[in-house]
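Asker: File name start.cif; file contents mmCIF, C-alpha atoms (C1' of nucleotides); full text below.
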data_target
loop_
_atom_site.label_atom_id
_atom_site.label_comp_id
_atom_site.auth_asym_id
_atom_site.auth_seq_id
_atom_site.Cartn_x
_atom_site.Cartn_y
_atom_site.Cartn_z
CA MET J 36 -35.58 -8.66 -15.87
CA PRO J 37 -39.28 -8.46 -15.03
CA ASP J 38 -39.69 -11.64 -12.96
CA ARG J 39 -37.64 -10.50 -10.02
CA PRO J 40 -39.28 -7.98 -7.71
CA PHE J 41 -38.08 -4.44 -8.19
CA HIS J 42 -36.66 -4.18 -4.75
CA HIS J 43 -33.93 -6.65 -4.17
CA GLY J 44 -34.35 -6.44 -0.43
CA ASN J 45 -30.86 -6.93 0.87
CA LEU J 46 -28.67 -6.02 -2.06
CA ARG J 47 -26.07 -4.45 0.18
CA ALA J 48 -25.44 -7.62 2.13
CA VAL J 49 -25.42 -9.75 -1.01
CA LEU J 50 -22.90 -7.48 -2.67
CA LEU J 51 -20.63 -7.63 0.33
CA ASP J 52 -20.79 -11.39 0.51
CA GLN J 53 -20.11 -11.81 -3.17
CA ALA J 54 -17.30 -9.30 -3.03
CA GLU J 55 -15.71 -11.19 -0.20
CA ALA J 56 -15.87 -14.39 -2.19
CA VAL J 57 -14.31 -12.76 -5.24
CA LEU J 58 -11.59 -11.32 -3.05
CA ARG J 59 -10.90 -14.74 -1.63
CA GLU J 60 -10.90 -16.59 -4.93
CA ARG J 61 -9.59 -14.14 -7.49
CA GLY J 62 -8.06 -11.24 -5.60
CA LEU J 63 -8.64 -7.52 -5.44
CA ASP J 64 -7.96 -6.79 -9.11
CA ALA J 65 -10.79 -9.06 -10.15
CA LEU J 66 -13.30 -7.20 -8.03
CA SER J 67 -15.60 -5.20 -10.30
CA LEU J 68 -18.75 -3.40 -9.25
CA ARG J 69 -20.40 -4.17 -12.56
CA GLU J 70 -19.69 -7.86 -12.27
CA LEU J 71 -21.03 -7.90 -8.73
CA ALA J 72 -24.19 -6.23 -10.01
CA ARG J 73 -24.57 -8.73 -12.84
CA ASP J 74 -24.15 -11.67 -10.50
CA ALA J 75 -26.69 -10.20 -8.14
CA GLY J 76 -29.11 -9.91 -11.05
CA VAL J 77 -29.32 -6.17 -10.82
CA SER J 78 -28.43 -3.28 -13.09
CA HIS J 79 -24.92 -1.92 -13.12
CA GLY J 80 -25.94 1.28 -11.39
CA ALA J 81 -27.69 -0.36 -8.48
CA PRO J 82 -24.67 -0.82 -6.23
CA ARG J 83 -24.24 2.93 -6.21
CA LYS J 84 -27.28 3.26 -3.97
CA HIS J 85 -25.38 1.35 -1.30
CA PHE J 86 -21.77 2.23 -2.03
CA ILE J 87 -21.01 5.60 -3.54
CA ASP J 88 -17.64 4.32 -4.67
CA ARG J 89 -15.71 1.19 -5.36
CA ASN J 90 -13.60 2.46 -2.52
CA ALA J 91 -16.61 2.62 -0.23
CA LEU J 92 -17.29 -1.04 -0.96
CA LEU J 93 -13.70 -1.88 -0.16
CA ASP J 94 -13.90 0.10 3.06
CA ALA J 95 -17.00 -1.80 4.08
CA LEU J 96 -15.21 -5.06 3.36
CA ALA J 97 -12.21 -4.02 5.42
CA GLU J 98 -14.48 -2.97 8.24
CA ARG J 99 -16.26 -6.32 8.27
CA GLY J 100 -12.90 -8.01 8.11
CA PHE J 101 -11.69 -6.27 11.24
CA VAL J 102 -14.84 -7.13 13.12
CA ARG J 103 -14.64 -10.77 12.11
CA LEU J 104 -10.96 -11.06 12.86
CA ALA J 105 -11.46 -9.51 16.28
CA ASP J 106 -14.30 -11.92 16.98
CA GLU J 107 -12.32 -14.96 15.90
CA ILE J 108 -9.42 -13.93 18.07
CA HIS J 109 -11.69 -13.26 20.98
CA GLN J 110 -13.31 -16.66 20.68
CA ALA J 111 -10.02 -18.49 20.27
CA ALA J 112 -8.68 -16.65 23.32
CA THR J 113 -11.66 -17.33 25.56
CA ARG J 114 -11.63 -21.00 24.60
CA VAL J 115 -8.35 -21.40 26.45
CA SER J 116 -8.75 -18.66 29.01
CA GLY J 117 -6.93 -18.99 32.28
CA ASP J 118 -3.42 -19.69 31.10
CA HIS J 119 -2.14 -16.44 29.65
CA ALA J 120 0.63 -17.99 27.56
CA ARG J 121 -1.81 -20.41 25.97
CA THR J 122 -4.24 -17.57 25.37
CA LEU J 123 -1.57 -15.61 23.55
CA HIS J 124 -0.66 -18.57 21.39
CA ALA J 125 -4.32 -19.19 20.59
CA ALA J 126 -4.83 -15.58 19.61
CA GLY J 127 -1.77 -15.51 17.39
CA SER J 128 -2.71 -18.77 15.79
CA ALA J 129 -6.22 -17.50 15.08
CA TYR J 130 -4.70 -14.44 13.47
CA VAL J 131 -2.58 -16.37 11.00
CA ARG J 132 -5.39 -18.78 10.25
CA PHE J 133 -7.56 -15.82 9.31
CA ALA J 134 -4.73 -14.47 7.20
CA VAL J 135 -4.32 -17.74 5.35
CA ARG J 136 -8.04 -18.02 4.76
CA GLU J 137 -8.48 -14.41 3.60
CA PRO J 138 -5.17 -13.09 2.35
CA ALA J 139 -6.55 -10.44 0.02
CA LEU J 140 -8.95 -9.23 2.67
CA LEU J 141 -6.20 -8.81 5.22
CA ASP J 142 -4.22 -6.91 2.62
CA LEU J 143 -7.16 -4.62 2.15
CA MET J 144 -7.53 -4.12 5.89
CA PHE J 145 -3.98 -2.91 6.23
CA ALA J 146 -3.70 -1.17 2.88
CA ALA J 147 -1.68 2.02 2.85
CA LYS J 148 -4.36 4.35 1.50
CA VAL J 149 -3.13 7.80 0.50
CA ASP J 150 -5.49 9.62 2.85
CA GLY J 151 -5.41 7.09 5.63
CA PRO J 152 -8.26 4.84 6.66
CA SER J 153 -11.85 6.00 6.77
CA GLU J 154 -13.41 6.66 10.14
CA ALA J 155 -15.38 3.43 10.03
CA VAL J 156 -12.35 1.34 9.17
CA ARG J 157 -10.28 3.05 11.80
CA GLY J 158 -12.97 2.26 14.36
CA ALA J 159 -13.14 -1.38 13.38
CA ALA J 160 -9.36 -1.65 13.53
CA GLU J 161 -9.55 -0.12 16.98
CA ARG J 162 -11.80 -2.97 17.94
CA LEU J 163 -9.20 -5.48 16.90
CA PHE J 164 -6.57 -3.62 18.85
CA GLY J 165 -8.94 -3.53 21.81
CA THR J 166 -9.34 -7.28 21.69
CA LEU J 167 -5.61 -7.75 21.89
CA ALA J 168 -5.40 -5.14 24.63
CA GLY J 169 -8.00 -7.10 26.57
CA ILE J 170 -5.93 -10.24 26.34
CA MET J 171 -2.88 -8.37 27.46
CA SER J 172 -4.66 -6.89 30.44
CA GLU J 173 -5.43 -10.42 31.57
CA GLY J 174 -1.69 -10.84 31.68
CA VAL J 175 -1.45 -7.77 33.86
CA GLU J 176 -3.96 -9.22 36.28
CA ALA J 177 -1.96 -12.42 36.33
CA GLY J 178 1.05 -10.36 37.30
CA ILE J 179 2.94 -11.06 34.09
CA TYR J 180 3.21 -7.50 32.86
CA ASP J 181 3.46 -4.14 34.50
CA ALA J 182 0.27 -2.17 33.92
CA ARG J 183 2.31 0.82 32.76
CA ASP J 184 3.75 -1.19 29.86
CA VAL J 185 0.57 -2.76 28.62
CA ASP J 186 -0.17 -0.26 25.86
CA ARG J 187 3.26 -0.48 24.36
CA LEU J 188 3.38 -4.23 24.73
CA THR J 189 0.03 -4.56 23.03
CA LEU J 190 1.41 -2.56 20.14
CA VAL J 191 4.45 -4.82 19.89
CA LEU J 192 2.21 -7.84 19.97
CA SER J 193 -0.01 -6.42 17.25
CA ALA J 194 2.94 -5.65 15.05
CA THR J 195 4.51 -9.05 15.51
CA VAL J 196 1.35 -10.94 14.76
CA GLN J 197 0.49 -8.75 11.80
CA GLY J 198 4.01 -9.14 10.46
CA ALA J 199 3.87 -12.91 10.71
CA ALA J 200 0.54 -12.85 8.92
CA ALA J 201 1.92 -10.59 6.20
CA LEU J 202 4.91 -12.83 5.57
CA THR J 203 2.52 -15.72 5.20
CA THR J 204 -0.08 -14.08 2.95
CA SER J 205 2.59 -12.65 0.70
CA ARG J 206 3.97 -16.20 0.36
CA ARG J 207 7.34 -15.24 1.66
CA ILE J 208 6.94 -18.29 3.91
CA THR J 209 4.58 -21.25 3.82
CA THR J 210 1.55 -21.69 6.03
CA PRO J 211 3.22 -24.20 8.37
CA GLN J 212 6.21 -21.91 8.64
CA GLY J 213 3.84 -19.10 9.47
CA GLU J 214 2.31 -21.09 12.28
CA ALA J 215 5.71 -22.04 13.61
CA LEU J 216 6.78 -18.42 13.34
CA ILE J 217 3.84 -17.26 15.41
CA ASP J 218 4.71 -19.75 18.11
CA ASP J 219 8.34 -18.66 18.17
CA ALA J 220 7.38 -15.03 18.19
CA ILE J 221 5.03 -15.38 21.11
CA ARG J 222 7.46 -17.49 23.05
CA LEU J 223 10.03 -14.77 22.54
CA PHE J 224 7.53 -12.09 23.44
CA LEU J 225 6.78 -13.77 26.73
CA ALA J 226 10.44 -14.36 27.45
CA GLY J 227 11.24 -10.74 26.76
CA THR J 228 8.52 -9.33 28.96
CA ALA J 229 9.35 -11.69 31.80
CA THR J 230 12.85 -10.35 32.15
CA ASP J 231 12.15 -6.84 30.98
CA ARG J 232 10.03 -5.90 33.93
CA MET W 256 5.61 13.85 -32.06
CA PRO W 257 8.25 14.22 -34.73
CA ASP W 258 10.92 16.21 -32.90
CA ARG W 259 11.87 13.52 -30.43
CA PRO W 260 14.07 10.74 -31.78
CA PHE W 261 12.23 7.55 -32.49
CA HIS W 262 14.15 5.56 -29.97
CA HIS W 263 13.65 6.85 -26.50
CA GLY W 264 16.80 5.19 -25.26
CA ASN W 265 16.03 4.31 -21.70
CA LEU W 266 12.26 4.19 -21.61
CA ARG W 267 12.22 1.31 -19.20
CA ALA W 268 14.14 3.17 -16.52
CA VAL W 269 12.12 6.33 -17.03
CA LEU W 270 8.86 4.44 -16.70
CA LEU W 271 10.00 2.83 -13.49
CA ASP W 272 11.12 6.12 -11.99
CA GLN W 273 7.89 7.87 -12.92
CA ALA W 274 5.85 4.96 -11.65
CA GLU W 275 7.63 5.08 -8.34
CA ALA W 276 6.87 8.78 -8.05
CA VAL W 277 3.20 8.26 -8.84
CA LEU W 278 3.07 5.48 -6.29
CA ARG W 279 4.60 7.75 -3.70
CA GLU W 280 2.41 10.75 -4.42
CA ARG W 281 -0.92 9.35 -5.53
CA GLY W 282 -0.96 5.67 -4.66
CA LEU W 283 -1.37 2.45 -6.58
CA ASP W 284 -4.81 3.17 -7.99
CA ALA W 285 -3.53 6.25 -9.76
CA LEU W 286 -0.86 4.28 -11.57
CA SER W 287 -1.82 3.98 -15.24
CA LEU W 288 0.37 2.67 -18.01
CA ARG W 289 -1.16 5.09 -20.48
CA GLU W 290 -0.47 8.06 -18.26
CA LEU W 291 3.10 6.94 -17.75
CA ALA W 292 3.48 6.68 -21.50
CA ARG W 293 2.02 10.15 -22.03
CA ASP W 294 4.31 11.67 -19.43
CA ALA W 295 7.29 9.96 -21.01
CA GLY W 296 6.25 11.46 -24.35
CA VAL W 297 5.68 8.11 -25.96
CA SER W 298 2.72 6.31 -27.46
CA HIS W 299 0.40 4.30 -25.24
CA GLY W 300 1.64 1.01 -26.61
CA ALA W 301 5.31 1.65 -26.03
CA PRO W 302 5.49 0.43 -22.41
CA ARG W 303 4.41 -2.98 -23.62
CA LYS W 304 7.83 -3.54 -25.18
CA HIS W 305 9.33 -3.39 -21.70
CA PHE W 306 6.50 -4.64 -19.50
CA ILE W 307 4.11 -7.16 -20.95
CA ASP W 308 1.58 -6.33 -18.26
CA ARG W 309 0.68 -3.71 -15.77
CA ASN W 310 1.47 -6.45 -13.32
CA ALA W 311 4.94 -6.87 -14.76
CA LEU W 312 5.58 -3.20 -14.13
CA LEU W 313 4.39 -3.59 -10.56
CA ASP W 314 6.60 -6.63 -10.09
CA ALA W 315 9.59 -4.68 -11.33
CA LEU W 316 8.75 -1.90 -8.89
CA ALA W 317 8.46 -4.34 -6.01
CA GLU W 318 11.74 -5.92 -6.97
CA ARG W 319 13.54 -2.59 -7.01
CA GLY W 320 11.90 -1.77 -3.72
CA PHE W 321 13.30 -4.87 -2.05
CA VAL W 322 16.76 -4.16 -3.36
CA ARG W 323 16.69 -0.58 -2.17
CA LEU W 324 15.26 -1.47 1.23
CA ALA W 325 17.91 -4.14 1.71
CA ASP W 326 20.60 -1.66 0.77
CA GLU W 327 19.32 1.01 3.09
CA ILE W 328 19.17 -1.43 5.96
CA HIS W 329 22.61 -2.71 5.18
CA GLN W 330 24.04 0.78 5.15
CA ALA W 331 22.28 1.82 8.34
CA ALA W 332 23.53 -1.34 10.01
CA THR W 333 27.12 -1.02 8.94
CA ARG W 334 27.20 2.61 10.04
CA VAL W 335 26.90 1.48 13.65
CA SER W 336 28.53 -1.92 13.36
CA GLY W 337 30.16 -3.39 16.39
CA ASP W 338 27.40 -3.06 18.95
CA HIS W 339 24.78 -5.61 17.99
CA ALA W 340 21.91 -3.99 19.86
CA ARG W 341 22.58 -0.65 18.21
CA THR W 342 22.84 -2.37 14.85
CA LEU W 343 19.45 -3.95 15.34
CA HIS W 344 17.89 -0.66 16.30
CA ALA W 345 19.47 1.05 13.31
CA ALA W 346 18.16 -1.63 10.97
CA GLY W 347 14.65 -1.47 12.37
CA SER W 348 14.65 2.29 12.26
CA ALA W 349 15.79 2.25 8.63
CA TYR W 350 12.96 -0.14 7.84
CA VAL W 351 10.23 2.11 9.22
CA ARG W 352 11.79 5.17 7.65
CA PHE W 353 11.60 3.43 4.29
CA ALA W 354 8.01 2.47 5.02
CA VAL W 355 7.06 6.05 5.87
CA ARG W 356 8.77 7.36 2.77
CA GLU W 357 7.28 4.74 0.42
CA PRO W 358 4.10 3.34 1.94
CA ALA W 359 2.45 2.27 -1.29
CA LEU W 360 5.62 0.65 -2.51
CA LEU W 361 6.00 -1.38 0.66
CA ASP W 362 2.39 -2.43 0.26
CA LEU W 363 3.16 -3.61 -3.22
CA MET W 364 6.22 -5.49 -2.05
CA PHE W 365 4.21 -7.51 0.42
CA ALA W 366 1.00 -7.73 -1.56
CA ALA W 367 -0.90 -11.00 -1.28
CA LYS W 368 -0.96 -11.88 -4.97
CA VAL W 369 -3.21 -14.78 -5.87
CA ASP W 370 -0.45 -16.84 -7.44
CA GLY W 371 2.26 -15.77 -5.08
CA PRO W 372 5.21 -13.57 -5.96
CA SER W 373 7.07 -13.82 -9.24
CA GLU W 374 10.47 -15.44 -9.24
CA ALA W 375 12.23 -12.10 -9.52
CA VAL W 376 10.31 -10.58 -6.64
CA ARG W 377 10.85 -13.63 -4.51
CA GLY W 378 14.57 -13.39 -5.18
CA ALA W 379 14.70 -9.73 -4.27
CA ALA W 380 12.75 -10.40 -1.08
CA GLU W 381 15.25 -13.14 -0.30
CA ARG W 382 17.93 -10.52 -0.50
CA LEU W 383 16.20 -8.45 2.16
CA PHE W 384 15.84 -11.49 4.34
CA GLY W 385 19.51 -12.25 3.75
CA THR W 386 20.49 -8.81 4.91
CA LEU W 387 18.64 -9.31 8.17
CA ALA W 388 20.10 -12.78 8.50
CA GLY W 389 23.55 -11.26 8.11
CA ILE W 390 22.91 -8.86 10.94
CA MET W 391 21.65 -11.68 13.11
CA SER W 392 24.69 -13.80 12.40
CA GLU W 393 26.81 -10.97 13.76
CA GLY W 394 24.88 -11.49 16.96
CA VAL W 395 25.78 -15.16 16.86
CA GLU W 396 29.46 -14.30 16.55
CA ALA W 397 29.09 -11.95 19.48
CA GLY W 398 27.66 -14.85 21.45
CA ILE W 399 24.22 -13.31 21.79
CA TYR W 400 22.29 -16.02 19.99
CA ASP W 401 22.70 -19.73 19.55
CA ALA W 402 23.60 -20.50 15.95
CA ARG W 403 20.87 -23.11 15.82
CA ASP W 404 18.19 -20.49 16.48
CA VAL W 405 19.37 -17.89 14.04
CA ASP W 406 17.03 -18.78 11.18
CA ARG W 407 13.95 -18.74 13.33
CA LEU W 408 15.02 -15.60 15.12
CA THR W 409 15.64 -13.86 11.84
CA LEU W 410 12.12 -14.75 10.82
CA VAL W 411 10.71 -13.34 14.05
CA LEU W 412 12.72 -10.19 13.55
CA SER W 413 11.49 -9.83 9.97
CA ALA W 414 7.90 -10.28 11.02
CA THR W 415 8.15 -7.81 13.87
CA VAL W 416 9.77 -5.13 11.80
CA GLN W 417 7.43 -5.63 8.88
CA GLY W 418 4.45 -5.54 11.23
CA ALA W 419 5.57 -2.28 12.79
CA ALA W 420 6.04 -0.84 9.33
CA ALA W 421 2.59 -2.03 8.27
CA LEU W 422 0.91 -0.48 11.29
CA THR W 423 2.61 2.77 10.40
CA THR W 424 1.94 2.83 6.67
CA SER W 425 -1.69 1.90 7.19
CA ARG W 426 -1.92 4.87 9.57
CA ARG W 427 -3.02 2.73 12.46
CA ILE W 428 -0.32 4.57 14.40
CA THR W 429 1.60 7.78 13.69
CA THR W 430 5.16 7.92 12.45
CA PRO W 431 6.65 8.81 15.87
CA GLN W 432 4.64 6.00 17.41
CA GLY W 433 6.01 3.71 14.74
CA GLU W 434 9.56 4.65 15.62
CA ALA W 435 8.91 4.18 19.30
CA LEU W 436 7.27 0.85 18.53
CA ILE W 437 10.31 -0.37 16.67
CA ASP W 438 12.51 0.53 19.60
CA ASP W 439 10.27 -1.27 22.06
CA ALA W 440 10.01 -4.28 19.80
CA ILE W 441 13.74 -4.64 19.39
CA ARG W 442 14.39 -4.11 23.07
CA LEU W 443 11.90 -6.88 23.76
CA PHE W 444 13.42 -9.06 21.08
CA LEU W 445 16.84 -8.76 22.67
CA ALA W 446 15.46 -9.35 26.13
CA GLY W 447 13.63 -12.45 24.95
CA THR W 448 16.61 -13.98 23.20
CA ALA W 449 18.91 -13.26 26.09
CA THR W 450 16.89 -15.38 28.48
CA ASP W 451 15.57 -17.83 25.93
CA ARG W 452 18.90 -19.37 25.20
"C1'" DC Y 251 24.12 -3.16 -48.51
"C1'" DG Y 252 20.37 -6.01 -47.20
"C1'" DT Y 253 18.14 -8.19 -43.51
"C1'" DC Y 254 16.47 -8.63 -39.17
"C1'" DA Y 255 15.30 -8.06 -34.47
"C1'" DG Y 256 14.04 -4.62 -31.21
"C1'" DA Y 257 11.50 -0.36 -30.10
"C1'" DG Y 258 7.76 2.74 -30.91
"C1'" DT Y 259 3.09 3.96 -33.33
"C1'" DA Y 260 -1.82 3.75 -34.08
"C1'" DG Y 261 -6.14 1.92 -34.03
"C1'" DA Y 262 -9.41 -1.08 -32.12
"C1'" DC Y 263 -12.00 -3.75 -28.48
"C1'" DA Y 264 -14.00 -4.87 -24.32
"C1'" DC Y 265 -14.41 -3.41 -19.99
"C1'" DT Y 266 -14.49 -0.47 -16.00
"C1'" DG Y 267 -16.00 3.35 -12.68
"C1'" DC Y 268 -18.72 7.15 -12.46
"C1'" DC Y 269 -22.45 10.44 -13.60
"C1'" DT Y 270 -27.17 11.71 -14.75
"C1'" DA Y 271 -31.98 11.56 -15.76
"C1'" DC Y 272 -35.70 8.59 -15.22
"C1'" DT Y 273 -38.87 5.25 -13.01
"C1'" DA Y 274 -40.74 2.04 -9.64
"C1'" DA Y 275 -42.01 1.07 -5.05
"C1'" DG Y 276 -42.78 1.63 -0.36
"C1'" DT Y 277 -43.84 5.04 3.59
"C1'" DA Y 278 -45.75 8.78 6.09
"C1'" DG Y 279 -49.01 12.54 6.76
"C1'" DT Y 280 -53.26 14.48 6.35
"C1'" DA Z 279 -57.43 7.08 0.58
"C1'" DC Z 280 -54.69 10.18 -1.71
"C1'" DT Z 281 -50.63 12.68 -2.12
"C1'" DA Z 282 -45.88 13.91 -1.27
"C1'" DC Z 283 -41.47 12.18 -0.40
"C1'" DT Z 284 -37.63 9.19 0.07
"C1'" DT Z 285 -35.34 5.09 -1.17
"C1'" DA Z 286 -33.91 1.58 -4.55
"C1'" DG Z 287 -33.20 0.16 -9.07
"C1'" DT Z 288 -32.83 1.17 -14.43
"C1'" DA Z 289 -30.65 2.74 -18.65
"C1'" DG Z 290 -27.68 5.24 -21.29
"C1'" DG Z 291 -23.62 7.71 -21.92
"C1'" DC Z 292 -18.70 9.29 -21.09
"C1'" DA Z 293 -13.95 9.15 -20.37
"C1'" DG Z 294 -10.39 6.33 -19.22
"C1'" DT Z 295 -7.89 1.92 -18.97
"C1'" DG Z 296 -5.43 -2.58 -20.20
"C1'" DT Z 297 -4.52 -5.48 -23.82
"C1'" DC Z 298 -4.11 -7.06 -28.59
"C1'" DT Z 299 -2.65 -6.59 -33.36
"C1'" DA Z 300 -0.76 -4.90 -37.58
"C1'" DC Z 301 2.30 -1.60 -39.05
"C1'" DT Z 302 6.64 1.31 -39.24
"C1'" DC Z 303 10.92 3.10 -37.94
"C1'" DT Z 304 15.75 2.49 -36.77
"C1'" DG Z 305 20.23 0.76 -35.63
"C1'" DA Z 306 23.32 -3.13 -35.82
"C1'" DC Z 307 25.43 -6.91 -37.90
"C1'" DG Z 308 26.81 -10.27 -41.31
#
Kindly present the structure from the file in structure tokens form.
Answerer:
Amino acid sequence: MPDRPFHHGNLRAVLLDQAEAVLRERGLDALSLRELARDAGVSHGAPRKHFIDRNALLDALAERGFVRLADEIHQAATRVSGDHARTLHAAGSAYVRFAVREPALLDLMFAAKVDGPSEAVRGAAERLFGTLAGIMSEGVEAGIYDARDVDRLTLVLSATVQGAAALTTSRRITTPQGEALIDDAIRLFLAGTATDR
Amino acid sequence: MPDRPFHHGNLRAVLLDQAEAVLRERGLDALSLRELARDAGVSHGAPRKHFIDRNALLDALAERGFVRLADEIHQAATRVSGDHARTLHAAGSAYVRFAVREPALLDLMFAAKVDGPSEAVRGAAERLFGTLAGIMSEGVEAGIYDARDVDRLTLVLSATVQGAAALTTSRRITTPQGEALIDDAIRLFLAGTATDR
DNA sequence: CGTCAGAGTAGACACTGCCTACTAAGTAGT
DNA sequence: ACTACTTAGTAGGCAGTGTCTACTCTGACG
């Protein structure tokens, strides 16, 4: 392939984008480094200069996924800021929408790797958790939660939302059911915290 | 291999057991049909007579997983039957214990397959959901929930518990944290339903 | 006793991830 | 401006995998 310049320029980014598309359209099993290389018009060994492993590529995808999910939740939350209950619903809704749009990616993000997540992935996941913690601390300022409980409550919120997303992406329930579920779950969450404290 | 009788006898069961062990010890990526066949002392084509696909094997594993999880929850719940709150805690605790013991299997059970779950897997998952629904309906009889809400509440419970398990298996939190999380979540769940109705 | 379906064998094919040696290109230092 | 060095891409090879196919063995049943 002599027409293309030797240096691709931004192969890494292109590979990630393509990989994300494959993940979205054909799932994790269909994701092949060699195919990515072919589609990028590059030799089959080229990706190795950017990702030592197939696993490293997957880690990078998961990391990006966490960052994007955190951003989407943050934006959805700030759009309705002020009313904490509405903020919570917006965040949960954004979460399931992401899940429906990128089921395989979400799977990857929460995959049960044998040796646990890489440092980078762990950090990105922390960012997501931090976003939710930020929303919860708004609730503390509004006098809805006790500051001592906020960490544990954030964890419960995370679990609930992630669980609703998982039920949806695994097609245990339909997308509309998933959205209804999120609403119920958050209503219940708020009801529980109100009386708990 | 002329010493072994031609017919293995129960190859299917042996393959499933071995596969489950591999999943537990080395994760999904390490699961190879050919290796399973070798370890079972059988030619590499033999598994095909029982599982048309690698995917079919995985589906069978997921199915068994759902059945076992449902059973374990059922047993844990009946052991403390009578007090609904304790039953709920026991069920949730059994769920996370299963998750910690079989992280890769749980992953498989809730994997976001492109074409959704197979009929068999869906059925087995339904059984798990039914078990939880049964526990919830005890709460209805005890006057804790309104019968009209029980389906939606069961869904919320499922999501919460599955989310807590996912956070644990993906190593976002430690096992003790996971157990504490389940307790918090169920306490909150009960608090929310008590005031909600 | 013959036939027939089910279970296992063996070989092939295309494909994958990974490794290695090589080469091309840009960058920095003198 | 030349040289050394690092980075990015190439090309070939290797072992392993999933899947397909044609073949063979074996037990059961009419």
Asker: Give as a list in words every residue of chain Y that touches chain W within 8 Å, counting only C-alpha atoms (C1' of nucleotides).
Answerer: DA257, DG258 and DT259 of chain Y
Asker: Write out as JSON, numbers by chain the residues lying within 10 Å of range 262-274 of chain Y, counting only C-alpha atoms (C1' of nucleotides) and excluding same-chain residues fewer than 4 positions away.
Answerer: {"J": [41, 42, 67, 68, 69, 70, 80, 83, 87, 88, 89], "Z": [286, 287, 288, 289, 290, 291, 292, 293, 294, 295, 296, 297, 298, 299]}
Asker: Near range 140-153 of chain J, counting all atoms listed in the file, which residues have an atom at most 9 Å away, once you skip same-chain residues fewer than 3 positions from it, shown as an MDAnalysis selection string?
Answerer: (chainID J and resid 55 58:59 62:63 93:94 96:98 100:101 133:134 137 156:158 160 200:201 204) or (chainID W and resid 279:283 358:359 361:362 365:367 421:427)
Asker: Give me, please, the distance in Å between C1' of DT280 in chain Y and C1' of DT284 in chain Z, quoted to one decimal.
Answerer: 17.7 Å
Asker: So what does the PyMOL selection byres ((chain W and resi 391) around 9) actually pick up in this one, as a list in words?
Answerer: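 Written out, the selection comes to His339, Leu343, Thr386, Leu387, Ala388, Gly389, Ile390, Ser392, Glu393, Gly394, Val395, Glu396, Tyr400, Val405, Asp406, Leu408 and Thr409 of chain W.
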Asker: Please, what distance in Å, to one decimal, runs between CA of Gln330 in chain W and CA of Tyr350 in chain W?
Answerer: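 Between these atoms lies a distance of 11.4 Å.
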Asker: Find the distance between CA of Asp52 in chain J and CA of Ile108 in chain J and write it in Å to one decimal.
Answerer: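 Between CA of Asp52 in chain J and CA of Ile108 in chain J the gap is 21.1 Å.
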Asker: Given only C-alpha atoms as the basis, pick out the residue of W:Ala402, W:Val277, W:Ala332, W:Ala340 nearest to chain J.
Answerer: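 Among the listed residues, the smallest separation from chain J belongs to W:Val277.
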Asker: Which residues fall under the PyMOL selection byres ((chain Y and resi 279) around 10) in this file, as a PDB file with C-alpha atoms (C1' of nucleotides), in the coordinates of the input?
Answerer:
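This went into result-v1.pdb:
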ATOM      1  C1'  DT Y 277     -43.840   5.040   3.590  1.00  0.00           C
ATOM      2  C1'  DA Y 278     -45.750   8.780   6.090  1.00  0.00           C
ATOM      3  C1'  DT Y 280     -53.260  14.480   6.350  1.00  0.00           C
TER       4       DT Y 280
ATOM      5  C1'  DT Z 281     -50.630  12.680  -2.120  1.00  0.00           C
ATOM      6  C1'  DA Z 282     -45.880  13.910  -1.270  1.00  0.00           C
TER       7       DA Z 282
END
Asker: Point out the residue among J:Ala220, J:Asn90, J:Arg47, J:Ala105 with the least atom-to-atom distance to Leu71 in chain J, counting all atoms listed in the file.
Answerer: J:Arg47
Asker: Evaluate the PyMOL selection byres ((chain J and resi 229) around 12) and record the selected residues as a list of chain:residue names, following the chain and residue labels used in the document.
Answerer: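 That expression, the PyMOL selection byres ((chain J and resi 229) around 12), corresponds here to J:Ala120, J:Gly174, J:Val175, J:Gly178, J:Ile179, J:Tyr180, J:Asp181, J:Leu188, J:Arg222, J:Leu223, J:Phe224, J:Leu225, J:Ala226, J:Gly227, J:Thr228, J:Thr230, J:Asp231, J:Arg232, W:Leu443, W:Phe444, W:Ala446, W:Gly447, W:Thr448, W:Ala449, W:Thr450, W:Asp451.
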Asker: Set the distance at 12 Å and use only C-alpha atoms (C1' of nucleotides): which residues neighbour DA306 in chain Z once local chain neighbours fewer than 5 positions away are removed? I'd like the list as number ranges by chain.
Answerer: Y: 253-256
Asker: Here is a test: counting only C-alpha atoms (C1' of nucleotides), which residue of Z:DC280, Z:DT285, Z:DC303, Z:DG308 is nearest to chain J?
Answerer: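 The closest residue to chain J is Z:DT285.
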